[in-house]
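What's in my_file_16.cif: mmCIF, C-alpha atoms and all ligand atoms
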```cif
data_data
#
loop_
_atom_site.label_atom_id
_atom_site.label_comp_id
_atom_site.auth_asym_id
_atom_site.auth_seq_id
_atom_site.Cartn_x
_atom_site.Cartn_y
_atom_site.Cartn_z
CA MET Q 1420 -9.34 -8.93 -6.66
CA ILE Q 1421 -12.93 -9.58 -5.57
CA LEU Q 1422 -15.32 -6.69 -4.88
CA TYR Q 1423 -18.25 -7.26 -2.53
CA LEU Q 1424 -20.84 -4.50 -2.32
CA ASN Q 1425 -23.24 -3.82 0.51
CA PRO Q 1426 -25.80 -1.38 -0.94
CA PHE Q 1427 -26.78 -0.37 2.61
CA THR Q 1428 -29.15 2.45 1.61
CA GLY Q 1429 -28.94 1.92 -2.13
CA LEU Q 1430 -26.57 2.10 -5.05
CA ALA Q 1431 -26.28 4.95 -7.54
CA GLY Q 1432 -23.44 5.40 -10.03
CA ASP Q 1433 -21.88 8.22 -7.99
CA MET Q 1434 -22.13 6.23 -4.73
CA LEU Q 1435 -20.38 3.25 -6.32
CA LEU Q 1436 -17.63 5.45 -7.75
CA ALA Q 1437 -17.20 7.14 -4.36
CA ALA Q 1438 -17.01 3.78 -2.56
CA LEU Q 1439 -14.34 2.53 -5.00
CA LEU Q 1440 -12.30 5.72 -4.54
CA ASP Q 1441 -12.68 5.41 -0.76
CA ALA Q 1442 -11.41 1.82 -1.02
CA GLY Q 1443 -8.24 3.01 -2.76
CA ALA Q 1444 -8.94 3.50 -6.48
CA SER Q 1445 -6.86 6.28 -8.01
CA LEU Q 1446 -8.77 9.50 -8.71
CA ASP Q 1447 -6.12 10.37 -11.31
CA ALA Q 1448 -6.73 7.07 -13.16
CA VAL Q 1449 -10.45 7.87 -13.17
CA ARG Q 1450 -9.84 11.41 -14.47
CA ARG Q 1451 -7.52 10.11 -17.22
CA ALA Q 1452 -10.23 7.69 -18.40
CA VAL Q 1453 -12.92 10.41 -18.43
CA ASP Q 1454 -10.53 12.67 -20.35
CA LEU Q 1455 -10.28 10.04 -23.11
CA THR Q 1456 -14.04 10.35 -23.77
CA GLY Q 1457 -13.48 13.81 -25.26
CA LEU Q 1458 -15.95 15.41 -22.80
CA THR Q 1459 -14.93 19.03 -22.22
CA GLY Q 1460 -15.36 21.55 -19.43
CA TRP Q 1461 -15.70 19.04 -16.61
CA ARG Q 1462 -14.15 18.75 -13.16
CA LEU Q 1463 -14.29 15.67 -10.96
CA SER Q 1464 -13.28 15.73 -7.32
CA ALA Q 1465 -13.78 13.56 -4.27
CA GLU Q 1466 -14.25 14.87 -0.76
CA ARG Q 1467 -14.47 13.31 2.65
CA VAL Q 1468 -17.89 14.06 4.13
CA ARG Q 1469 -19.87 13.14 7.21
CA THR Q 1470 -23.03 11.15 6.54
CA GLY Q 1471 -24.84 10.32 9.77
CA PRO Q 1472 -22.19 9.04 12.17
CA LEU Q 1473 -19.75 8.00 9.41
CA ILE Q 1474 -17.03 9.69 7.38
CA ALA Q 1475 -17.31 8.64 3.74
CA THR Q 1476 -16.23 9.78 0.27
CA ARG Q 1477 -18.57 11.75 -1.99
CA VAL Q 1478 -17.81 12.56 -5.61
CA LEU Q 1479 -18.46 16.03 -7.00
CA ILE Q 1480 -18.97 16.55 -10.71
CA ASP Q 1481 -18.82 20.06 -12.04
CA VAL Q 1482 -19.48 20.74 -15.72
CA HIS Q 1483 -19.77 24.02 -17.64
CA ASP Q 1484 -22.03 24.63 -20.65
CA ASP Q 1485 -22.54 20.98 -21.49
CA ALA Q 1486 -25.50 19.19 -23.06
CA THR Q 1487 -27.90 17.72 -20.50
CA GLU Q 1488 -29.44 15.28 -22.98
CA ARG Q 1489 -27.81 13.12 -25.65
CA PRO Q 1490 -28.53 10.21 -27.95
CA ALA Q 1491 -27.36 7.01 -26.25
CA SER Q 1492 -25.18 6.34 -29.30
CA THR Q 1493 -23.16 9.52 -28.59
CA LEU Q 1494 -22.39 8.37 -25.04
CA ILE Q 1495 -21.49 4.88 -26.27
CA ALA Q 1496 -19.09 6.32 -28.87
CA MET Q 1497 -17.47 8.49 -26.19
CA ALA Q 1498 -17.09 5.47 -23.86
CA GLU Q 1499 -15.53 3.45 -26.71
CA ARG Q 1500 -12.59 5.90 -26.76
CA THR Q 1501 -11.64 4.87 -23.20
CA GLY Q 1502 -10.90 1.22 -24.02
CA LEU Q 1503 -13.01 0.23 -21.00
CA PRO Q 1504 -15.37 -2.60 -22.11
CA ALA Q 1505 -17.42 -2.35 -18.87
CA ALA Q 1506 -18.24 1.31 -19.61
CA VAL Q 1507 -19.36 0.48 -23.16
CA ALA Q 1508 -21.40 -2.49 -21.91
CA ALA Q 1509 -23.13 -0.39 -19.23
CA LEU Q 1510 -24.14 2.35 -21.68
CA THR Q 1511 -25.23 -0.20 -24.29
CA ALA Q 1512 -27.39 -1.88 -21.63
CA ILE Q 1513 -29.00 1.50 -20.79
CA ALA Q 1514 -29.74 2.08 -24.50
CA GLU Q 1515 -31.28 -1.39 -24.85
CA ALA Q 1516 -33.37 -1.01 -21.67
CA GLU Q 1517 -34.61 2.45 -22.66
CA GLY Q 1518 -35.33 1.28 -26.21
CA ALA Q 1519 -37.44 -1.64 -24.96
CA LEU Q 1520 -39.30 0.59 -22.47
CA HIS Q 1521 -40.14 3.36 -24.89
CA GLY Q 1522 -40.60 1.19 -27.99
CA VAL Q 1523 -37.72 2.51 -30.11
CA PRO Q 1524 -34.66 0.69 -31.50
CA ALA Q 1525 -31.67 0.89 -29.10
CA ALA Q 1526 -29.64 2.69 -31.78
CA GLU Q 1527 -32.19 5.53 -31.85
CA VAL Q 1528 -32.65 5.99 -28.09
CA HIS Q 1529 -32.45 9.57 -26.87
CA LEU Q 1530 -31.57 9.87 -23.18
CA HIS Q 1531 -32.89 12.68 -21.00
CA GLU Q 1532 -31.38 12.86 -17.47
CA LEU Q 1533 -29.39 9.75 -18.32
CA GLY Q 1534 -27.83 11.53 -21.31
CA GLY Q 1535 -26.00 14.05 -19.12
CA HIS Q 1536 -22.29 14.31 -18.44
CA ASP Q 1537 -22.71 12.82 -14.95
CA THR Q 1538 -23.94 9.49 -16.38
CA LEU Q 1539 -20.83 9.29 -18.57
CA ILE Q 1540 -18.47 10.31 -15.76
CA ASP Q 1541 -20.08 7.91 -13.25
CA ILE Q 1542 -19.99 4.96 -15.65
CA VAL Q 1543 -16.54 5.56 -17.13
CA GLY Q 1544 -15.31 6.42 -13.62
CA CYS Q 1545 -16.62 3.16 -12.13
CA ALA Q 1546 -15.12 1.11 -14.98
CA ALA Q 1547 -11.75 2.87 -14.60
CA ALA Q 1548 -11.78 2.47 -10.80
CA LEU Q 1549 -12.59 -1.24 -11.10
CA ARG Q 1550 -9.69 -1.67 -13.52
CA ASP Q 1551 -7.36 0.37 -11.30
CA LEU Q 1552 -8.22 -1.84 -8.29
CA GLY Q 1553 -7.71 -5.00 -10.37
CA VAL Q 1554 -11.29 -6.19 -9.70
CA THR Q 1555 -12.06 -9.40 -11.60
CA ARG Q 1556 -15.30 -10.43 -9.84
CA VAL Q 1557 -18.13 -8.35 -8.40
CA HIS Q 1558 -20.56 -9.70 -5.79
CA CYS Q 1559 -23.42 -7.74 -4.28
CA ALA Q 1560 -25.89 -8.21 -1.42
CA PRO Q 1561 -29.59 -7.98 -2.39
CA LEU Q 1562 -30.41 -4.48 -3.60
CA PRO Q 1563 -33.00 -2.36 -1.75
CA LEU Q 1564 -35.54 -1.19 -4.30
CA GLY Q 1565 -36.69 2.01 -2.56
CA GLU Q 1566 -40.19 3.37 -2.97
CA GLY Q 1567 -42.25 6.35 -4.08
CA THR Q 1568 -42.04 8.31 -7.30
CA VAL Q 1569 -39.38 10.19 -9.23
CA ARG Q 1570 -39.88 13.33 -11.32
CA THR Q 1571 -38.14 12.96 -14.69
CA ARG Q 1572 -38.37 14.59 -18.10
CA HIS Q 1573 -40.66 11.67 -19.00
CA GLY Q 1574 -42.95 13.01 -16.22
CA VAL Q 1575 -43.52 11.28 -12.88
CA LEU Q 1576 -42.35 7.66 -12.82
CA PRO Q 1577 -42.63 4.93 -10.19
CA VAL Q 1578 -39.65 3.97 -8.04
CA PRO Q 1579 -37.80 1.77 -8.84
CA ALA Q 1580 -37.56 3.65 -12.14
CA PRO Q 1581 -38.55 1.47 -15.11
CA ALA Q 1582 -35.02 1.71 -16.56
CA THR Q 1583 -33.54 0.51 -13.24
CA LEU Q 1584 -35.91 -2.45 -13.10
CA ALA Q 1585 -35.11 -3.42 -16.69
CA LEU Q 1586 -31.37 -3.34 -15.92
CA LEU Q 1587 -31.78 -5.41 -12.76
CA ARG Q 1588 -33.32 -8.45 -14.42
CA GLY Q 1589 -31.68 -11.47 -12.75
CA ALA Q 1590 -30.51 -9.45 -9.73
CA LEU Q 1591 -31.45 -10.28 -6.12
CA VAL Q 1592 -33.59 -7.47 -4.75
CA ARG Q 1593 -35.32 -6.67 -1.46
CA GLY Q 1594 -37.80 -4.14 -0.12
CA GLY Q 1595 -36.85 -1.28 2.13
CA ALA Q 1596 -34.85 1.93 1.75
CA ALA Q 1597 -36.30 5.35 1.14
CA GLY Q 1598 -36.76 7.15 -2.19
CA GLU Q 1599 -34.90 6.12 -5.35
CA ALA Q 1600 -32.37 3.79 -3.72
CA VAL Q 1601 -30.94 2.25 -6.90
CA THR Q 1602 -30.58 4.37 -10.04
CA PRO Q 1603 -30.29 3.28 -13.67
CA THR Q 1604 -26.59 4.23 -13.72
CA GLY Q 1605 -25.75 2.07 -10.69
CA ALA Q 1606 -27.85 -0.80 -12.06
CA ALA Q 1607 -26.15 -0.51 -15.48
CA VAL Q 1608 -22.65 -0.86 -14.00
CA LEU Q 1609 -23.70 -3.89 -11.93
CA HIS Q 1610 -25.27 -5.41 -15.07
CA ALA Q 1611 -22.17 -4.73 -17.19
CA VAL Q 1612 -19.76 -6.48 -14.83
CA ALA Q 1613 -21.94 -9.62 -14.49
CA THR Q 1614 -22.49 -9.11 -10.76
CA VAL Q 1615 -23.17 -12.21 -8.67
CA TYR Q 1616 -25.87 -11.57 -6.03
CA GLY Q 1617 -25.93 -13.14 -2.58
CA PRO Q 1618 -23.81 -13.37 0.57
CA ALA Q 1619 -20.18 -12.26 0.66
CA PRO Q 1620 -17.83 -14.72 -1.06
CA GLU Q 1621 -15.01 -16.23 0.96
CA MET Q 1622 -12.06 -13.85 0.60
CA GLU Q 1623 -9.21 -12.29 2.53
CA LEU Q 1624 -10.38 -8.76 3.22
CA ARG Q 1625 -7.88 -6.15 2.01
CA ALA Q 1626 -9.71 -2.79 1.90
CA THR Q 1627 -13.08 -1.19 2.55
CA GLY Q 1628 -14.68 1.97 1.20
CA TYR Q 1629 -17.76 4.02 2.06
CA GLY Q 1630 -19.38 5.91 -0.82
CA ALA Q 1631 -21.84 8.61 0.21
CA GLY Q 1632 -24.98 9.51 -1.72
CA SER Q 1633 -26.15 13.07 -2.16
CA ARG Q 1634 -29.18 12.81 0.18
CA GLU Q 1635 -29.05 12.98 3.97
CA LEU Q 1636 -31.17 10.35 5.72
CA PRO Q 1637 -32.64 11.01 9.19
CA ASP Q 1638 -31.60 7.79 10.92
CA ARG Q 1639 -28.60 6.31 9.11
CA PRO Q 1640 -25.59 7.08 6.92
CA ASN Q 1641 -26.50 7.15 3.22
CA VAL Q 1642 -23.75 4.86 1.96
CA THR Q 1643 -22.79 2.02 -0.33
CA VAL Q 1644 -20.04 -0.09 1.23
CA ALA Q 1645 -17.29 -1.62 -0.94
CA MET Q 1646 -15.20 -4.52 0.39
CA LEU Q 1647 -12.14 -5.68 -1.54
CA GLY Q 1648 -10.50 -9.04 -1.00
CA GLU Q 1649 -8.24 -11.65 -2.53
CA PRO Q 1650 -9.75 -15.06 -3.34
CA ALA Q 1651 -9.27 -17.38 -0.36
CA ALA Q 1652 -7.78 -19.99 -2.70
CA ARG Q 1653 -5.48 -21.36 -0.05
CA ARG Q 1654 -8.48 -22.55 1.97
CA ASP Q 1655 -10.31 -24.53 -0.65
CA SER Q 1656 -13.31 -26.58 0.49
CA GLN Q 1657 -13.13 -30.20 -0.76
CA VAL Q 1658 -14.81 -33.51 -0.05
CA ILE Q 1659 -13.25 -36.76 1.22
CA LEU Q 1660 -15.09 -39.96 0.34
CA THR Q 1661 -14.14 -42.95 2.50
CA THR Q 1662 -15.26 -46.53 2.64
CA ASN Q 1663 -14.07 -49.59 4.61
CA LEU Q 1664 -13.44 -52.61 2.37
CA ASP Q 1665 -12.84 -56.17 3.66
CA ASP Q 1666 -13.73 -58.16 0.55
CA VAL Q 1667 -11.87 -56.39 -2.25
CA THR Q 1668 -8.62 -57.58 -3.84
CA GLY Q 1669 -5.50 -55.44 -4.08
CA GLU Q 1670 -5.98 -55.46 -7.85
CA VAL Q 1671 -9.42 -53.84 -7.56
CA LEU Q 1672 -8.13 -51.30 -5.00
CA GLY Q 1673 -5.30 -50.27 -7.34
CA TYR Q 1674 -7.73 -50.07 -10.26
CA VAL Q 1675 -10.20 -47.85 -8.36
CA ILE Q 1676 -7.41 -45.47 -7.32
CA GLU Q 1677 -6.27 -45.13 -10.94
CA ARG Q 1678 -9.83 -44.59 -12.18
CA ALA Q 1679 -10.52 -41.99 -9.46
CA ILE Q 1680 -7.40 -40.00 -10.37
CA ALA Q 1681 -8.23 -40.24 -14.08
CA ALA Q 1682 -11.76 -38.98 -13.32
CA GLY Q 1683 -10.34 -35.84 -11.69
CA ALA Q 1684 -9.91 -36.72 -7.99
CA ALA Q 1685 -7.31 -34.51 -6.30
CA ASP Q 1686 -5.89 -37.64 -4.62
CA ALA Q 1687 -6.84 -41.22 -3.80
CA TRP Q 1688 -5.20 -43.71 -1.41
CA VAL Q 1689 -5.79 -46.69 0.87
CA THR Q 1690 -4.84 -47.26 4.49
CA PRO Q 1691 -4.78 -50.66 6.25
CA ALA Q 1692 -7.31 -51.31 9.01
CA VAL Q 1693 -8.52 -54.10 11.24
CA MET Q 1694 -12.30 -54.10 11.13
CA LYS Q 1695 -14.99 -55.58 13.32
CA LYS Q 1696 -14.72 -59.37 13.84
CA GLY Q 1697 -10.92 -58.93 13.53
CA ARG Q 1698 -11.05 -58.75 9.74
CA PRO Q 1699 -8.04 -57.22 7.96
CA ALA Q 1700 -9.34 -54.54 5.60
CA HIS Q 1701 -8.49 -51.40 3.66
CA ILE Q 1702 -9.99 -47.93 3.91
CA LEU Q 1703 -10.27 -46.22 0.54
CA HIS Q 1704 -10.01 -42.43 0.64
CA VAL Q 1705 -10.77 -40.16 -2.33
CA LEU Q 1706 -10.20 -36.39 -2.09
CA THR Q 1707 -12.24 -34.39 -4.60
CA SER Q 1708 -13.87 -31.10 -5.45
CA HIS Q 1709 -17.56 -30.72 -4.57
CA GLU Q 1710 -18.41 -30.76 -8.29
CA LEU Q 1711 -16.88 -34.21 -8.89
CA ALA Q 1712 -17.94 -35.79 -5.59
CA GLY Q 1713 -21.15 -37.30 -7.02
CA ALA Q 1714 -19.44 -38.95 -10.00
CA LEU Q 1715 -16.60 -40.30 -7.84
CA GLN Q 1716 -19.08 -41.64 -5.30
CA ASP Q 1717 -20.78 -43.64 -8.09
CA LEU Q 1718 -17.41 -44.92 -9.30
CA ILE Q 1719 -16.39 -46.14 -5.82
CA LEU Q 1720 -19.71 -47.87 -5.13
CA THR Q 1721 -19.87 -49.51 -8.57
CA GLU Q 1722 -16.27 -50.73 -8.71
CA THR Q 1723 -15.84 -51.90 -5.09
CA GLY Q 1724 -19.35 -53.29 -4.60
CA SER Q 1725 -19.53 -51.44 -1.26
CA LEU Q 1726 -23.04 -50.65 -0.05
CA GLY Q 1727 -22.12 -47.26 1.40
CA LEU Q 1728 -19.45 -44.65 2.02
CA ARG Q 1729 -18.85 -41.55 4.15
CA ARG Q 1730 -18.59 -38.02 2.82
CA SER Q 1731 -16.85 -35.30 4.81
CA VAL Q 1732 -16.16 -31.72 3.84
CA VAL Q 1733 -12.58 -30.69 4.54
CA GLU Q 1734 -10.57 -27.51 4.09
CA LYS Q 1735 -7.68 -28.05 1.68
CA VAL Q 1736 -4.70 -25.78 2.26
CA ALA Q 1737 -2.54 -25.38 -0.84
CA LEU Q 1738 0.66 -23.34 -0.85
CA PRO Q 1739 1.22 -21.27 -3.98
CA ARG Q 1740 3.50 -23.02 -6.48
CA ASN Q 1741 4.89 -22.43 -9.98
CA VAL Q 1742 6.04 -24.98 -12.51
CA GLY Q 1743 9.22 -24.27 -14.51
CA THR Q 1744 11.30 -26.64 -16.65
CA VAL Q 1745 14.94 -27.66 -17.21
CA GLU Q 1746 16.45 -29.55 -20.17
CA LEU Q 1747 18.30 -32.72 -19.17
CA HIS Q 1748 19.80 -35.36 -21.53
CA GLY Q 1749 17.61 -33.99 -24.34
CA GLN Q 1750 14.37 -34.21 -22.36
CA THR Q 1751 12.26 -31.66 -20.50
CA VAL Q 1752 11.90 -32.06 -16.75
CA ARG Q 1753 9.24 -30.01 -14.94
CA MET Q 1754 10.45 -28.29 -11.75
CA LYS Q 1755 7.93 -27.46 -9.01
CA HIS Q 1756 8.82 -24.20 -7.21
CA GLY Q 1757 7.15 -23.74 -3.83
CA PRO Q 1758 7.86 -21.56 -0.79
CA TRP Q 1759 9.95 -24.45 0.61
CA GLY Q 1760 12.26 -24.72 -2.45
CA VAL Q 1761 12.36 -26.57 -5.77
CA LYS Q 1762 11.59 -30.20 -6.59
CA PRO Q 1763 11.87 -32.04 -9.94
CA GLU Q 1764 8.65 -33.75 -11.11
CA HIS Q 1765 9.00 -37.45 -10.33
CA ASP Q 1766 7.11 -38.67 -13.45
CA ASP Q 1767 9.53 -36.77 -15.74
CA LEU Q 1768 12.56 -38.13 -13.86
CA ALA Q 1769 11.18 -41.67 -14.09
CA LYS Q 1770 10.77 -41.34 -17.89
CA LEU Q 1771 14.31 -39.99 -18.17
CA ALA Q 1772 15.67 -42.82 -16.02
CA ALA Q 1773 13.93 -45.33 -18.31
CA THR Q 1774 15.38 -43.85 -21.51
CA THR Q 1775 18.91 -43.10 -20.20
CA GLY Q 1776 19.34 -46.00 -17.78
CA ARG Q 1777 20.70 -43.55 -15.17
CA PRO Q 1778 19.77 -43.83 -11.46
CA LEU Q 1779 16.73 -41.75 -10.52
CA ARG Q 1780 18.41 -40.09 -7.52
CA GLU Q 1781 21.37 -38.92 -9.66
CA LEU Q 1782 19.00 -37.45 -12.25
CA ALA Q 1783 17.17 -35.55 -9.47
CA ARG Q 1784 20.49 -33.98 -8.39
CA GLU Q 1785 21.37 -33.12 -12.01
CA ALA Q 1786 17.96 -31.49 -12.53
CA LEU Q 1787 18.54 -29.25 -9.49
CA ASP Q 1788 22.08 -28.40 -10.74
CA ALA Q 1789 20.60 -27.49 -14.17
CA LEU Q 1790 18.49 -24.68 -12.67
O1 LIG T 1801 -33.03 9.86 -18.97
C1 LIG T 1801 -33.87 9.03 -19.04
S1 LIG T 1801 -34.44 8.51 -20.56
C2 LIG T 1801 -34.48 8.41 -17.87
C3 LIG T 1801 -35.30 7.29 -17.94
C4 LIG T 1801 -35.81 6.73 -16.77
C5 LIG T 1801 -36.66 5.55 -16.80
O2 LIG T 1801 -36.76 4.84 -15.84
S2 LIG T 1801 -37.43 5.24 -18.22
C6 LIG T 1801 -35.45 7.26 -15.52
N1 LIG T 1801 -34.66 8.38 -15.48
C7 LIG T 1801 -34.31 8.99 -14.19
O3 LIG T 1801 -33.20 9.83 -14.36
C8 LIG T 1801 -32.37 9.83 -13.21
C9 LIG T 1801 -30.99 9.39 -13.60
O4 LIG T 1801 -30.26 9.10 -12.43
P1 LIG T 1801 -28.75 8.52 -12.42
O5 LIG T 1801 -28.31 8.67 -11.00
O6 LIG T 1801 -28.81 7.09 -12.86
O7 LIG T 1801 -27.97 9.37 -13.38
C10 LIG T 1801 -33.01 8.88 -12.24
O8 LIG T 1801 -33.80 9.57 -11.32
C11 LIG T 1801 -33.88 8.01 -13.14
O9 LIG T 1801 -34.96 7.46 -12.49
C12 LIG T 1801 -34.17 8.94 -16.62
NI NI T 1802 -36.25 6.79 -20.20
#
```
Represent the structure contained in this file as structure tokens.
Ligand SMILES: O=C([S-])c1cc(C(=O)S)c[n+]([C@@H]2O[C@H](COP(=O)(O)O)[C@@H](O)[C@H]2O)c1
Ligand code: NI
Amino acid sequence: MILYLNPFTGLAGDMLLAALLDAGASLDAVRRAVDLTGLTGWRLSAERVRTGPLIATRVLIDVHDDATERPASTLIAMAERTGLPAAVAALTAIAEAEGALHGVPAAEVHLHELGGHDTLIDIVGCAAALRDLGVTRVHCAPLPLGEGTVRTRHGVLPVPAPATLALLRGALVRGGAAGEAVTPTGAAVLHAVATVYGPAPEMELRATGYGAGSRELPDRPNVTVAMLGEPAARRDSQVILTTNLDDVTGEVLGYVIERAIAAGAADAWVTPAVMKKGRPAHILHVLTSHELAGALQDLILTETGSLGLRRSVVEKVALPRNVGTVELHGQTVRMKHGPWGVKPEHDDLAKLAATTGRPLRELAREALDAL
């Protein structure tokens, strides 16, 4: 599952967790993960709230008699008990950022506000929610940096907070948004899951979630928006390279097709044509990924001697398929299962026909019977 985030007014750890819960993550799964940390006396709930004109989810964290500051190493050890690598990575990144900012080794960092229970619950909660939703890739629109100052136990700091900025190295950011729009906790989770910044990836949208922040804004809902989708693999963008050839032998055409396939082309073929001046010719077509298009273009031009070709971007539609096998006359034959039925792999049948001397069509029937 792909997650695309629109940090409309910003992104804090609690807003991200709320957005993931609103998009369908299980609150029980999140609570079970937090429980594994060994933290005691905490309660986590989610409520539907109005923020501006929108209804969104807000998370509420309630903790009794807990420490409000901790060494970073304590939080990391607690996160390690959850078996959630993203939670450990996020807390380790906070320790490293804080260590670099304050000039102490990461292992000796003592966290103030960031050492509280809410940091642990937000980070472990986000990691558990991402796992529960089956998220494998996170994309995010440019993050609004906010402006002003923030009062911390370090004293007054600029916004974005130094820890947030350190955690956002490599991220796409933009101006705008009021106050502390992105917090170190939100930035740490984005960092830990190797977020890709930019426009929404192509995906089939499955669910959306609105995660509310704690502040009310005068003119807009204070939300982070989560969009969940499946990769749009069935509509893969590819390139077709074509060139008209009236002075190339059949031998060269066959050779170029073989070389193109060996170089990774998805397919290569020729069609007959009658060109200008009534010349009989062939059109060579090579279907390829964008990545291989350059190399295949060079191959075609070098081997055919053509002075040019056409490139067009096409949408390739591929139905889902699985490959199984059957054993036939002591050999393995691959069987392609698609939505339309099953088909034996021709290359395997041809090999079997060569070694057994049996007719190809009979072997195809036997392979289907062997299923
Ligand atoms: O706790 C520490 S050491 C701390 C460091 C810094 C630096 O930028 S350095 C900033 N803060 C502020 O604490 C809160 C934490 O907010 P979360 O929502 O991420 O829990 C935030 O205002 C930071 O700017 C704390
Ligand atoms: Ni700090």
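In this comparison, which uses only C-alpha atoms, the residue of Q:Glu1517, Q:Leu1533, Q:Met1420, Q:Thr1643 approaching Q:Ala1626 most closely is Q:Met1420.
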Taking a cut-off of 10 Å and counting all atoms listed in the file, can you build a table that, for each residue of chain Q near ligand NI 1802 (chain T), reports the nearest atom pair and how far apart they are in Å (one decimal), sorted by chain then residue number, as a Markdown table?
```
| residue | atom | partner | partner_atom | distance |
| --- | --- | --- | --- | --- |
| Q:Ile1513 | CA | T:NI1802 | NI | 9.0 |
| Q:Ala1514 | CA | T:NI1802 | NI | 9.1 |
| Q:Ala1516 | CA | T:NI1802 | NI | 8.4 |
| Q:Glu1517 | CA | T:NI1802 | NI | 5.3 |
| Q:Gly1518 | CA | T:NI1802 | NI | 8.2 |
| Q:Ala1519 | CA | T:NI1802 | NI | 9.8 |
| Q:Leu1520 | CA | T:NI1802 | NI | 7.3 |
| Q:His1521 | CA | T:NI1802 | NI | 7.0 |
| Q:Val1528 | CA | T:NI1802 | NI | 8.7 |
| Q:His1529 | CA | T:NI1802 | NI | 8.2 |
| Q:Leu1530 | CA | T:NI1802 | NI | 6.3 |
| Q:His1531 | CA | T:NI1802 | NI | 6.8 |
| Q:Glu1532 | CA | T:NI1802 | NI | 8.2 |
| Q:Leu1533 | CA | T:NI1802 | NI | 7.7 |
| Q:Gly1534 | CA | T:NI1802 | NI | 9.7 |
| Q:Thr1571 | CA | T:NI1802 | NI | 8.5 |
| Q:Arg1572 | CA | T:NI1802 | NI | 8.4 |
| Q:His1573 | CA | T:NI1802 | NI | 6.7 |
| Q:Gly1574 | CA | T:NI1802 | NI | 10.0 |
| Q:Leu1576 | CA | T:NI1802 | NI | 9.6 |
| Q:Ala1580 | CA | T:NI1802 | NI | 8.7 |
| Q:Pro1581 | CA | T:NI1802 | NI | 7.7 |
| Q:Ala1582 | CA | T:NI1802 | NI | 6.4 |
| Q:Thr1583 | CA | T:NI1802 | NI | 9.8 |
| Q:Pro1603 | CA | T:NI1802 | NI | 9.5 |
```
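Nearest residue to Q:Val1543, choosing from Q:Lys1762, Q:Arg1634, Q:His1748, Q:Arg1451 and counting all atoms listed in the file: Q:Arg1451.
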Original post:
Hey, can you pull every residue with an atom no more than 7 Å from (-14.2, -34.0, -14.6), using all atoms listed in the file, and send it as a PyMOL selection string?
Top reply: chain Q and resi 1682-1683+1711
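The closest residue to ligand LIG 1801 (chain T), picked from Q:Ala1506, Q:Ala1789, Q:Leu1586, Q:Leu1771 and counting all atoms listed in the file, is Q:Leu1586.
For the residues Q:Lys1770, Q:Arg1477, Q:Arg1489, Q:His1610, ranking by smallest atom-to-atom distance to Q:Thr1751 using all atoms listed in the file places Q:Lys1770 first.
In terms of minimum interatomic distance to ligand LIG 1801 (chain T), Q:Val1601 ranks closest within Q:Arg1593, Q:Val1601, Q:Ala1437, Q:Thr1493, counting only C-alpha atoms and all ligand atoms.
Considering the residues Q:Pro1637, Q:Gly1460, Q:Gly1598, Q:Gly1544 and counting only C-alpha atoms and all ligand atoms, ligand LIG 1801 (chain T) has its shortest atom-to-atom contact with Q:Gly1598.
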**OP:** Just the residues within 8 Å of Q:Ala1611, please, counting only C-alpha atoms, with nothing from its chain fewer than 4 positions along; format it as a PyMOL selection string.
**Re:** chain Q and resi 1505-1506+1508-1509+1512+1607
